[in-house]
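Dropping upload32.txt in here (compact mmCIF, C-alpha atoms):
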```txt
# COMPACT_ATOMS: atom_id res chain seq x y z
CA MET A 9 226.51 209.73 53.15
CA CYS A 10 224.20 209.66 50.15
CA LEU A 11 225.99 212.60 48.58
CA ALA A 12 226.96 212.12 44.96
CA ILE A 13 228.33 214.45 42.33
CA PRO A 14 228.04 214.70 38.56
CA ALA A 15 231.36 214.00 36.85
CA LYS A 16 232.38 213.90 33.20
CA VAL A 17 233.77 210.65 31.82
CA VAL A 18 237.05 211.45 30.08
CA GLN A 19 238.43 207.97 29.43
CA LEU A 20 237.05 204.44 29.49
CA LYS A 21 239.40 201.87 31.00
CA GLU A 22 239.60 198.13 31.42
CA GLY A 23 237.32 196.20 33.75
CA ASP A 24 234.38 198.63 33.90
CA GLN A 25 236.68 201.39 35.17
CA ALA A 26 236.69 204.96 33.88
CA LEU A 27 238.59 208.17 34.48
CA VAL A 28 236.26 211.02 35.40
CA ASP A 29 236.82 214.76 35.73
CA LEU A 30 235.32 216.75 38.60
CA ALA A 31 236.08 220.42 38.00
CA GLY A 32 239.67 219.55 37.11
CA VAL A 33 240.15 216.77 39.66
CA ARG A 34 240.58 213.40 37.97
CA LYS A 35 239.62 210.15 39.59
CA GLU A 36 239.10 206.57 38.57
CA VAL A 37 235.61 205.23 39.27
CA SER A 38 233.69 202.06 38.47
CA LEU A 39 231.02 201.93 35.75
CA ALA A 40 229.92 198.42 36.78
CA LEU A 41 226.47 199.63 37.89
CA VAL A 42 225.56 201.56 34.74
CA GLU A 43 225.06 200.61 31.12
CA GLY A 44 226.08 202.22 27.86
CA VAL A 45 228.26 205.02 29.23
CA ARG A 46 230.50 206.72 26.67
CA THR A 47 233.34 209.22 26.87
CA GLY A 48 231.89 212.70 27.33
CA ASP A 49 228.85 211.48 29.27
CA TYR A 50 228.17 212.79 32.76
CA VAL A 51 227.62 210.24 35.51
CA ILE A 52 226.49 210.61 39.14
CA VAL A 53 229.46 209.40 41.21
CA HIS A 54 228.99 207.96 44.69
CA VAL A 55 231.57 206.07 46.82
CA GLY A 56 233.65 205.32 43.74
CA TYR A 57 230.79 204.05 41.60
CA ALA A 58 228.67 205.70 38.92
CA LEU A 59 225.07 205.23 40.08
CA GLN A 60 223.35 206.66 37.06
CA LYS A 61 223.98 208.48 33.81
CA LEU A 62 223.06 212.15 34.01
CA ASP A 63 220.45 213.02 31.42
CA THR A 64 221.78 216.34 30.14
CA ARG A 65 218.59 217.08 28.20
CA GLU A 66 216.50 216.70 31.35
CA ALA A 67 219.00 218.90 33.23
CA GLU A 68 218.62 221.63 30.59
CA LYS A 69 214.83 221.29 30.76
CA THR A 70 214.86 221.77 34.55
CA LEU A 71 217.15 224.80 34.21
CA ALA A 72 214.93 226.21 31.48
CA LEU A 73 211.97 225.76 33.80
CA PHE A 74 213.73 227.74 36.55
CA ALA A 75 214.72 230.44 34.03
CA GLY A 76 211.23 230.58 32.57
CA LEU A 77 209.77 231.02 36.00
CA ALA A 78 212.28 233.76 36.74
CA ALA A 79 211.40 235.55 33.48
CA GLU A 80 207.73 235.34 34.43
CA GLU A 81 208.61 236.76 37.83
CA THR A 82 210.28 239.88 36.43
CA ALA A 83 207.72 240.37 33.64
CA MET B 23 231.22 222.45 38.42
CA LYS B 24 228.94 221.69 35.51
CA TYR B 25 225.45 220.54 36.56
CA VAL B 26 226.13 221.75 40.09
CA ASP B 27 226.79 225.51 39.96
CA GLU B 28 223.76 226.21 37.76
CA PHE B 29 221.56 224.73 40.47
CA ARG B 30 222.94 227.13 43.10
CA ASP B 31 222.03 230.45 41.45
CA GLY B 32 220.98 232.96 44.10
CA ALA B 33 218.85 235.16 41.83
CA LEU B 34 216.86 232.17 40.60
CA ALA B 35 216.45 230.97 44.18
CA LYS B 36 214.82 234.28 45.09
CA SER B 37 212.41 234.06 42.20
CA ILE B 38 211.36 230.50 43.07
CA ALA B 39 210.97 231.59 46.71
CA ALA B 40 208.76 234.50 45.59
CA ARG B 41 206.54 232.03 43.77
CA ILE B 42 206.29 229.90 46.91
CA VAL B 43 205.23 232.96 48.91
CA ARG B 44 202.52 233.69 46.35
CA ALA B 45 201.40 230.06 46.09
CA ALA B 46 201.15 229.40 49.84
CA ALA B 47 197.61 230.24 50.96
CA ALA B 48 197.70 232.77 53.81
CA GLY B 49 195.11 230.93 55.87
CA ARG B 50 196.90 227.61 56.21
CA ARG B 51 200.16 226.03 57.29
CA TYR B 52 202.15 223.60 55.21
CA HIS B 53 204.41 220.99 56.83
CA PHE B 54 206.79 219.08 54.61
CA MET B 55 209.28 216.48 55.73
CA GLU B 56 212.56 216.47 53.87
CA PHE B 57 213.46 212.83 54.33
CA CYS B 58 217.14 213.10 53.48
CA GLY B 59 219.98 214.56 55.47
CA GLY B 60 221.29 215.84 52.14
CA HIS B 61 218.25 218.10 51.85
CA THR B 62 218.53 219.14 55.51
CA HIS B 63 222.15 220.09 54.90
CA ALA B 64 221.34 222.07 51.72
CA MET B 65 218.57 223.96 53.51
CA SER B 66 220.86 224.98 56.37
CA ARG B 67 223.88 225.71 54.22
CA TYR B 68 222.06 227.93 51.72
CA GLY B 69 219.67 229.48 54.24
CA LEU B 70 216.62 228.22 52.36
CA THR B 71 214.48 228.27 55.49
CA ASP B 72 214.82 232.08 55.51
CA LEU B 73 213.47 232.24 51.96
CA LEU B 74 210.32 230.32 52.82
CA PRO B 75 207.20 232.04 54.12
CA ARG B 76 206.43 231.46 57.82
CA ASN B 77 203.52 229.17 57.05
CA VAL B 78 205.69 226.71 55.10
CA VAL B 79 207.48 224.62 57.72
CA MET B 80 210.12 222.01 56.97
CA VAL B 81 210.40 218.97 59.26
CA HIS B 82 213.72 217.11 59.27
CA GLY B 83 213.46 213.40 58.53
CA PRO B 84 215.56 210.36 59.48
CA GLY B 85 217.37 210.04 56.14
CA CYS B 86 220.92 210.06 57.42
CA PRO B 87 222.32 206.51 57.58
CA VAL B 88 225.04 207.47 60.04
CA CYS B 89 222.46 209.05 62.34
CA VAL B 90 220.03 206.13 62.36
CA LEU B 91 222.63 203.47 63.11
CA PRO B 92 222.01 202.54 66.75
CA VAL B 93 224.76 202.49 69.39
CA GLY B 94 224.55 198.68 69.58
CA ARG B 95 225.68 198.24 65.98
CA ILE B 96 228.67 200.56 66.50
CA ASP B 97 229.55 198.62 69.66
CA MET B 98 229.44 195.41 67.64
CA ALA B 99 231.77 196.93 65.04
CA ILE B 100 234.24 198.04 67.72
CA GLU B 101 234.16 194.64 69.38
CA LEU B 102 234.91 193.03 66.03
CA ALA B 103 237.71 195.47 65.23
CA ARG B 104 239.40 194.61 68.52
CA ARG B 105 239.72 190.94 67.67
CA ALA B 106 243.22 189.79 66.82
CA GLY B 107 243.90 189.71 63.10
CA VAL B 108 240.88 191.76 62.09
CA VAL B 109 241.04 194.86 59.92
CA LEU B 110 237.78 196.84 59.99
CA CYS B 111 237.28 199.06 56.95
CA THR B 112 234.70 201.82 57.29
CA TYR B 113 233.39 204.86 55.47
CA ALA B 114 234.81 207.89 57.25
CA ASP B 115 231.32 209.11 58.22
CA CYS B 116 231.10 206.50 60.96
CA VAL B 117 234.37 206.91 62.79
CA ARG B 118 233.29 209.59 65.27
CA VAL B 119 229.82 208.27 66.15
CA PRO B 120 229.65 207.87 69.94
CA ALA B 121 229.42 204.28 71.14
CA SER B 122 229.19 202.80 74.65
CA GLU B 123 231.71 203.62 77.38
CA GLY B 124 232.76 206.86 75.73
CA LEU B 125 234.17 204.98 72.78
CA SER B 126 233.95 205.52 69.04
CA LEU B 127 235.68 203.78 66.15
CA MET B 128 238.21 206.61 66.18
CA LYS B 129 239.03 206.07 69.87
CA ALA B 130 239.18 202.30 69.41
CA LYS B 131 241.66 202.90 66.58
CA ALA B 132 243.74 205.14 68.85
CA GLN B 133 243.77 202.31 71.38
CA GLY B 134 245.23 199.97 68.80
CA ALA B 135 242.36 198.41 66.86
CA ASP B 136 243.13 198.19 63.15
CA ILE B 137 240.36 200.42 61.77
CA ARG B 138 240.87 201.96 58.36
CA MET B 139 238.85 204.60 56.56
CA VAL B 140 238.00 203.78 52.98
CA TYR B 141 236.38 205.81 50.22
CA SER B 142 234.81 202.81 48.55
CA ALA B 143 233.85 199.20 49.24
CA ALA B 144 236.32 198.29 46.48
CA ASP B 145 239.14 199.71 48.64
CA ALA B 146 238.23 197.26 51.41
CA LEU B 147 238.38 194.38 48.97
CA ARG B 148 241.78 195.55 47.74
CA ILE B 149 243.12 195.64 51.30
CA ALA B 150 241.94 192.04 51.73
CA GLN B 151 243.82 191.06 48.57
CA GLU B 152 246.97 192.85 49.69
CA GLU B 153 246.87 191.38 53.20
CA PRO B 154 245.77 187.74 52.83
CA ARG B 155 246.76 186.86 56.42
CA ARG B 156 244.37 189.41 57.91
CA GLU B 157 240.59 189.08 58.25
CA VAL B 158 239.29 192.16 56.45
CA VAL B 159 235.74 193.22 57.33
CA PHE B 160 233.88 195.96 55.49
CA PHE B 161 231.53 197.90 57.80
CA ALA B 162 228.74 198.35 55.26
CA ILE B 163 226.28 201.09 56.11
CA GLY B 164 223.96 203.26 54.09
CA PHE B 165 220.68 203.48 52.24
CA GLU B 166 220.06 202.23 48.71
CA THR B 167 222.98 204.24 47.28
CA THR B 168 225.77 202.32 48.98
CA THR B 169 224.07 198.91 48.81
CA PRO B 170 224.79 198.13 45.12
CA PRO B 171 228.55 198.73 45.56
CA THR B 172 228.53 196.35 48.57
CA ALA B 173 226.72 193.74 46.46
CA LEU B 174 229.37 194.10 43.77
CA VAL B 175 232.30 193.53 46.13
CA VAL B 176 230.64 190.47 47.70
CA LYS B 177 230.21 188.94 44.25
CA ARG B 178 233.76 189.91 43.31
CA ALA B 179 235.15 188.34 46.51
CA ALA B 180 233.32 185.12 45.62
CA GLU B 181 234.71 185.14 42.07
CA LEU B 182 238.20 185.60 43.45
CA GLY B 183 237.62 182.83 46.01
CA MET B 184 238.69 185.10 48.84
CA ALA B 185 238.72 183.51 52.27
CA ASN B 186 239.64 186.60 54.32
CA PHE B 187 236.95 189.11 53.32
CA SER B 188 233.51 189.67 54.82
CA VAL B 189 230.87 192.35 55.24
CA PHE B 190 229.21 193.58 58.46
CA CYS B 191 225.95 194.53 56.82
CA ASN B 192 223.91 197.47 58.11
CA HIS B 193 222.18 198.53 54.90
CA VAL B 194 218.76 200.05 55.49
CA LEU B 195 215.77 200.83 53.30
CA THR B 196 214.20 204.22 52.69
CA PRO B 197 210.60 203.23 51.90
CA SER B 198 210.30 201.22 55.15
CA ALA B 199 211.41 204.25 57.15
CA ILE B 200 208.88 206.53 55.45
CA ALA B 201 206.11 203.98 56.09
CA HIS B 202 207.19 203.73 59.74
CA ILE B 203 206.98 207.51 60.18
CA LEU B 204 203.55 207.65 58.56
CA GLU B 205 202.36 204.86 60.86
CA SER B 206 203.89 206.41 63.99
CA PRO B 207 201.63 207.55 66.84
CA GLU B 208 202.99 211.10 66.53
CA VAL B 209 201.68 211.33 63.00
CA ARG B 210 198.55 209.16 63.18
CA GLU B 211 197.12 209.62 66.67
CA LEU B 212 198.81 212.38 68.60
CA GLY B 213 199.09 214.73 65.64
CA SER B 214 202.26 216.17 67.19
CA VAL B 215 204.07 215.79 63.89
CA ALA B 216 202.13 217.23 60.97
CA ILE B 217 203.26 216.09 57.53
CA ASP B 218 201.49 217.31 54.40
CA GLY B 219 204.04 215.86 52.01
CA PHE B 220 207.59 214.69 51.46
CA VAL B 221 210.62 216.00 49.65
CA GLY B 222 211.75 212.62 48.34
CA PRO B 223 215.34 211.31 48.22
CA ALA B 224 217.67 212.33 45.43
CA HIS B 225 220.40 209.75 45.01
CA VAL B 226 218.52 206.88 46.64
CA SER B 227 215.91 207.40 43.92
CA THR B 228 218.51 207.18 41.14
CA VAL B 229 218.75 203.53 42.20
CA ILE B 230 215.22 202.56 43.29
CA GLY B 231 213.34 204.95 40.97
CA SER B 232 210.23 206.95 41.79
CA GLN B 233 207.89 203.95 41.71
CA PRO B 234 208.33 202.85 45.39
CA TYR B 235 206.86 206.17 46.62
CA GLU B 236 203.61 205.76 44.69
CA TYR B 237 202.28 203.66 47.56
CA PHE B 238 202.66 206.56 50.04
CA ALA B 239 200.98 209.00 47.69
CA GLU B 240 198.04 206.68 47.10
CA GLU B 241 197.66 204.92 50.44
CA TYR B 242 198.38 207.84 52.79
CA ARG B 243 197.34 210.67 50.45
CA LYS B 244 200.73 212.37 50.88
CA PRO B 245 202.35 214.08 47.90
CA VAL B 246 206.01 213.19 47.26
CA VAL B 247 208.34 215.31 45.14
CA ILE B 248 211.73 213.72 44.45
CA ALA B 249 214.36 216.45 44.47
CA GLY B 250 218.07 216.89 43.87
CA PHE B 251 220.35 218.06 46.68
CA GLU B 252 221.13 221.50 45.25
CA PRO B 253 219.32 224.54 46.67
CA LEU B 254 217.25 225.30 43.55
CA ASP B 255 216.13 221.66 43.45
CA VAL B 256 214.90 221.84 47.04
CA LEU B 257 213.04 225.14 46.52
CA GLN B 258 211.44 223.91 43.33
CA ALA B 259 210.28 220.75 45.12
CA VAL B 260 208.72 222.83 47.92
CA GLU B 261 206.84 224.88 45.35
CA MET B 262 205.58 221.71 43.68
CA LEU B 263 204.44 220.35 47.06
CA VAL B 264 202.59 223.57 47.90
CA CYS B 265 200.81 223.38 44.54
CA GLN B 266 199.85 219.74 45.08
CA VAL B 267 198.41 220.53 48.51
CA ASN B 268 196.50 223.54 47.14
CA GLU B 269 195.03 221.46 44.36
CA GLY B 270 194.20 218.52 46.64
CA ARG B 271 196.54 216.22 44.73
CA ALA B 272 198.73 213.50 46.26
CA GLU B 273 201.07 212.35 43.52
CA VAL B 274 204.68 211.38 43.05
CA GLU B 275 206.41 214.10 41.05
CA ASN B 276 210.02 214.09 39.99
CA GLU B 277 212.01 217.31 40.10
CA PHE B 278 215.30 215.36 39.77
CA SER B 279 214.48 214.05 36.30
CA ARG B 280 218.08 214.52 35.20
CA ALA B 281 219.02 211.41 37.18
CA VAL B 282 215.83 209.66 38.32
CA SER B 283 213.41 207.57 36.28
CA ARG B 284 210.32 205.70 37.44
CA GLU B 285 212.18 202.36 37.30
CA GLY B 286 215.56 203.50 38.63
CA ASN B 287 218.73 201.54 37.91
CA ALA B 288 217.68 198.02 36.84
CA ARG B 289 221.22 196.63 36.90
CA ALA B 290 221.87 197.87 40.43
CA LYS B 291 218.51 196.61 41.68
CA ALA B 292 219.14 193.14 40.20
CA LEU B 293 222.54 192.94 41.90
CA VAL B 294 221.07 193.90 45.26
CA ALA B 295 218.32 191.28 44.86
CA GLU B 296 220.92 188.63 44.02
CA VAL B 297 223.09 189.26 47.08
CA PHE B 298 220.73 190.52 49.82
CA GLU B 299 217.45 189.61 51.44
CA LEU B 300 215.22 191.40 53.94
CA ARG B 301 215.85 191.18 57.66
CA ARG B 302 212.63 190.56 59.57
CA VAL B 303 213.42 193.45 61.84
CA PHE B 304 216.20 195.99 62.36
CA GLU B 305 216.75 198.58 65.05
CA TRP B 306 216.99 202.23 64.00
CA ARG B 307 218.11 205.00 66.28
CA GLY B 308 215.02 207.10 66.93
CA LEU B 309 212.57 204.83 65.18
CA GLY B 310 213.16 201.69 67.26
CA LYS B 311 212.63 198.25 65.75
CA VAL B 312 211.33 198.63 62.21
CA PRO B 313 210.05 195.50 60.45
CA TYR B 314 211.56 194.61 57.09
CA SER B 315 213.64 197.77 57.01
CA ALA B 316 217.15 196.42 56.45
CA LEU B 317 219.11 193.88 54.47
CA LYS B 318 221.36 190.93 55.21
CA LEU B 319 223.38 188.64 52.97
CA LYS B 320 221.55 185.70 51.45
CA GLU B 321 222.45 182.17 52.55
CA ARG B 322 224.39 181.66 49.33
CA TRP B 323 226.87 184.35 50.39
CA ALA B 324 226.97 183.28 54.07
CA GLN B 325 230.74 182.94 54.12
CA PHE B 326 231.04 186.67 53.44
CA ASP B 327 228.63 187.60 56.24
CA ALA B 328 230.72 188.86 59.18
CA GLU B 329 227.85 188.35 61.64
CA ARG B 330 227.85 184.60 60.91
CA ARG B 331 231.55 184.27 60.32
CA PHE B 332 232.46 185.75 63.70
CA GLY B 333 229.34 184.66 65.59
CA MET B 334 228.49 188.28 66.37
CA SER B 335 225.56 188.75 68.68
CA GLU B 336 223.00 191.54 68.64
CA ARG B 337 223.48 194.37 71.14
CA ASN B 338 220.75 196.72 72.23
CA VAL B 339 222.10 199.83 73.89
CA PRO B 340 220.02 202.89 74.78
CA ASP B 341 221.12 206.37 73.68
CA HIS B 342 222.62 208.82 76.16
CA LYS B 343 219.78 210.08 78.36
CA ALA B 344 220.30 213.75 77.60
CA CYS B 345 220.53 213.18 73.83
CA GLU B 346 217.43 213.99 71.79
CA CYS B 347 218.64 212.42 68.53
CA GLY B 348 215.78 209.91 68.63
CA ALA B 349 213.05 212.56 68.78
CA ILE B 350 214.89 214.72 66.24
CA LEU B 351 215.10 211.80 63.79
CA ARG B 352 211.33 211.29 64.10
CA GLY B 353 210.65 214.97 63.42
CA VAL B 354 209.19 215.40 66.92
CA LYS B 355 211.90 217.79 68.11
CA ARG B 356 214.29 220.23 66.49
CA PRO B 357 218.02 220.48 67.27
CA ALA B 358 217.61 223.64 69.36
CA ASP B 359 215.06 221.81 71.56
CA CYS B 360 217.83 219.53 72.89
CA ARG B 361 219.38 220.82 76.08
CA VAL B 362 222.86 219.58 75.28
CA PHE B 363 222.80 221.08 71.75
CA GLY B 364 225.72 223.44 71.26
CA THR B 365 226.85 223.09 74.88
CA ALA B 366 227.94 219.57 75.82
CA CYS B 367 227.22 218.34 72.29
CA THR B 368 229.07 220.01 69.40
CA PRO B 369 230.61 218.68 66.18
CA ALA B 370 233.99 218.52 67.99
CA THR B 371 232.53 216.62 70.96
CA PRO B 372 229.39 214.92 69.67
CA MET B 373 227.13 213.12 72.14
CA GLY B 374 224.66 211.96 69.54
CA SER B 375 224.89 210.81 65.96
CA CYS B 376 222.97 213.79 64.52
CA MET B 377 225.89 216.01 65.53
CA VAL B 378 228.45 213.77 63.80
CA SER B 379 227.41 213.43 60.19
CA SER B 380 227.40 216.60 58.11
CA GLU B 381 223.91 215.54 57.02
CA GLY B 382 222.72 215.22 60.59
CA ALA B 383 220.13 217.82 61.54
CA CYS B 384 222.12 218.95 64.60
CA ALA B 385 225.43 219.31 62.73
CA ALA B 386 223.73 221.25 59.93
CA HIS B 387 221.99 223.57 62.39
CA TYR B 388 225.13 224.02 64.49
CA THR B 389 227.30 224.81 61.47
CA TYR B 390 224.97 227.15 59.62
CA GLY B 391 222.01 228.18 61.74
CA ARG B 392 222.72 228.36 65.45
CA TYR B 393 223.11 232.14 65.59
CA ARG B 394 220.22 232.71 63.24
CA SER B 395 217.72 231.12 65.61
CA ALA B 396 219.20 232.98 68.58
CA ALA B 397 218.74 236.31 66.82
```
Any chance you could put this one into structure tokens?
Amino acid sequence: MCLAIPAKVVQLKEGDQALVDLAGVRKEVSLALVEGVRTGDYVIVHVGYALQKLDTREAEKTLALFAGLAAEETA
Amino acid sequence: MKYVDEFRDGALAKSIAARIVRAAAAGRRYHFMEFCGGHTHAMSRYGLTDLLPRNVVMVHGPGCPVCVLPVGRIDMAIELARRAGVVLCTYADCVRVPASEGLSLMKAKAQGADIRMVYSAADALRIAQEEPRREVVFFAIGFETTTPPTALVVKRAAELGMANFSVFCNHVLTPSAIAHILESPEVRELGSVAIDGFVGPAHVSTVIGSQPYEYFAEEYRKPVVIAGFEPLDVLQAVEMLVCQVNEGRAEVENEFSRAVSREGNARAKALVAEVFELRRVFEWRGLGKVPYSALKLKERWAQFDAERRFGMSERNVPDHKACECGAILRGVKRPADCRVFGTACTPATPMGSCMVSSEGACAAHYTYGRYRSAA
């Protein structure tokens, strides 16, 4: 129920709508709940609405943390 | 998929798990409740339980909105759907939940009720626009993720001056459920459910932020780590919880920083506050009547409130006697402890709600773990 997936905004449309791309699948969703979204941004999509912008820098930081831990593990 | 696949890397999962094994002190047991069904599902699907040391035990929580909706509310929805002229629009998750007299929304639909599955609240509004002679009711369920979209469609219906659209509101609140569990006799007095910390909600927190959990960390001295729904997120959160317990800390930490801030989504929260207010009490399957744990439409939007519009009355219906969903939702029992699990109750023939939703503890265990525990 609370599942949501990150999708890339490929085109902004009228009335807070946007076309997003999910691994090749394109779907129109609403951006009415989020502010300042631009083409190329990733948003967390849930029941047809973007709930939040995905902070790609934070995502990279978390991945770097995992990788750093893994490097430590094998060292 | 970008920002999904990277968080499912098996080699990295093993290295995080190895760190958990090292961090967990041999002489003690750690019990963490994963509140969300999304976490329960990820743990079963990716076999994360097998990666954890034996002294780190995960307790399934009640965070599955389909599972916690009591039979009475489904009965009310069916009764409404059977009225002449009514179209009931529902998220697909709800259609197979068992109701009274062997019914479900799916069976009521087969018997002729006009029940339609929608992907989004906006779809329900569109149906109302396309069919002005029908009374279109949106069966609104869910935690804080689905509530802002419902608020938006109510406001939109008002702007459009629609006279044939309403919402049967069943939106529930995560923090109230966590508080209820922490106050429950099983946790406080009987000690039959041990909880040393929580894996906090992912997408609910994108909306409400991490701030609402600070109370639990401070007041109950329980660490909370907000985590995404991918397997590496869950493992990382468990490691962070083990470290907090070891160091005697009880803080709110945020593993899902790529989507969650302390404040959450201000626009969504403002919309919800504009359209909804707290119910004094709401019944949850498993938890019983929980004060201030659900929302209803404010007086200003009364004409869009299906309960008032159709004079719907509250129904209290007990669960099937053999079904242990209630105890499972409270963390008191596990799916395999239920005597109908996997026999009379399966995903194809569910007797209880936890076997219906893919995030339900029973469905997750049946789909991914039932042979593992038998081995």
Review point. Could you write out as JSON, numbers by chain the residues of chain A within 9 Å of chain B, counting all atoms listed in the file?
Key: {"A": [9, 10, 11, 12, 13, 14, 15, 16, 30, 31, 40, 41, 42, 43, 51, 52, 54, 55, 56, 57, 59, 60, 61, 62, 63, 64, 65, 66, 67, 68, 69, 70, 71, 74, 75, 77, 78, 79, 81, 82]}
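Considering all atoms listed in the file, the residue among B:Arg105, B:Asp327, B:Gly348, B:His202 positioned nearest to Ala179 in chain B is B:Asp327.
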Point to revise | Nearby residues, (233.8, 195.4, 55.9) file frame, 9 Å, all atoms listed in the file, as a VMD selection string | key: chain B and resid 109 to 112 143 146 to 147 158 to 162 187 to 191 328
Practice item. Record the distance separating CA of Asp49 in chain A and CA of Ala26 in chain A, expressed in Å with one decimal. Key: 11.2 Å
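Here CA of Leu27 in chain A is placed at a distance of 29.6 Å from CA of Phe326 in chain B.
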**Study point:** Selection: 12 Å around Gly270 in chain B, only C-alpha atoms, excl. self and same-chain fewer than 6 positions, as a list in words
**Key:** Asp218, Gly219, Ala239, Arg243, Lys244, Pro245, Leu263 and Val264 of chain B
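From CA of Thr71 in chain B back to CA of Ala259 in chain B, the distance works out to 13.5 Å.
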Check your understanding: So, counting all atoms listed in the file, which residue among A:Val18, A:Val33, A:Ala72, A:Ala58 is closest to Arg46 in chain A?
Key -> A:Val18
Exercise for review: May I have the residues within 7 Å of range 61-68 of chain B as a ChimeraX atom specification, using only C-alpha atoms and disregarding those fewer than 4 positions away in the same chain?
Suggested key: /B:56,82,251-253,256,381,383,386-387,390-391
Might I get the box with edges along x, y and z of the file that holds all atoms of range 363-377 of chain B listed there, padded by 8 Å on every side, given as centre and edge lengths in Å to one decimal, as lines of an AutoDock Vina configuration file?
```
center_x = 228.4
center_y = 217.1
center_z = 70.2
size_x = 27.2
size_y = 28.6
size_z = 27.3
```
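Nearest residue to Ser38 in chain A among B:Leu351, B:Leu317, B:Leu125, B:Val175 is B:Val175, counting all atoms listed in the file.
Once only C-alpha atoms are considered, the residues situated within 6 Å of the file point (234.0, 204.7, 27.9) turn out to be Gln19, Leu20, Val45, Arg46 and Thr47 of chain A.
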Point to revise | Distance criterion (all atoms listed in the file): nearest to Arg322 in chain B out of B:Ala132, B:Met80, B:Ala180, B:Met373 | key: B:Ala180
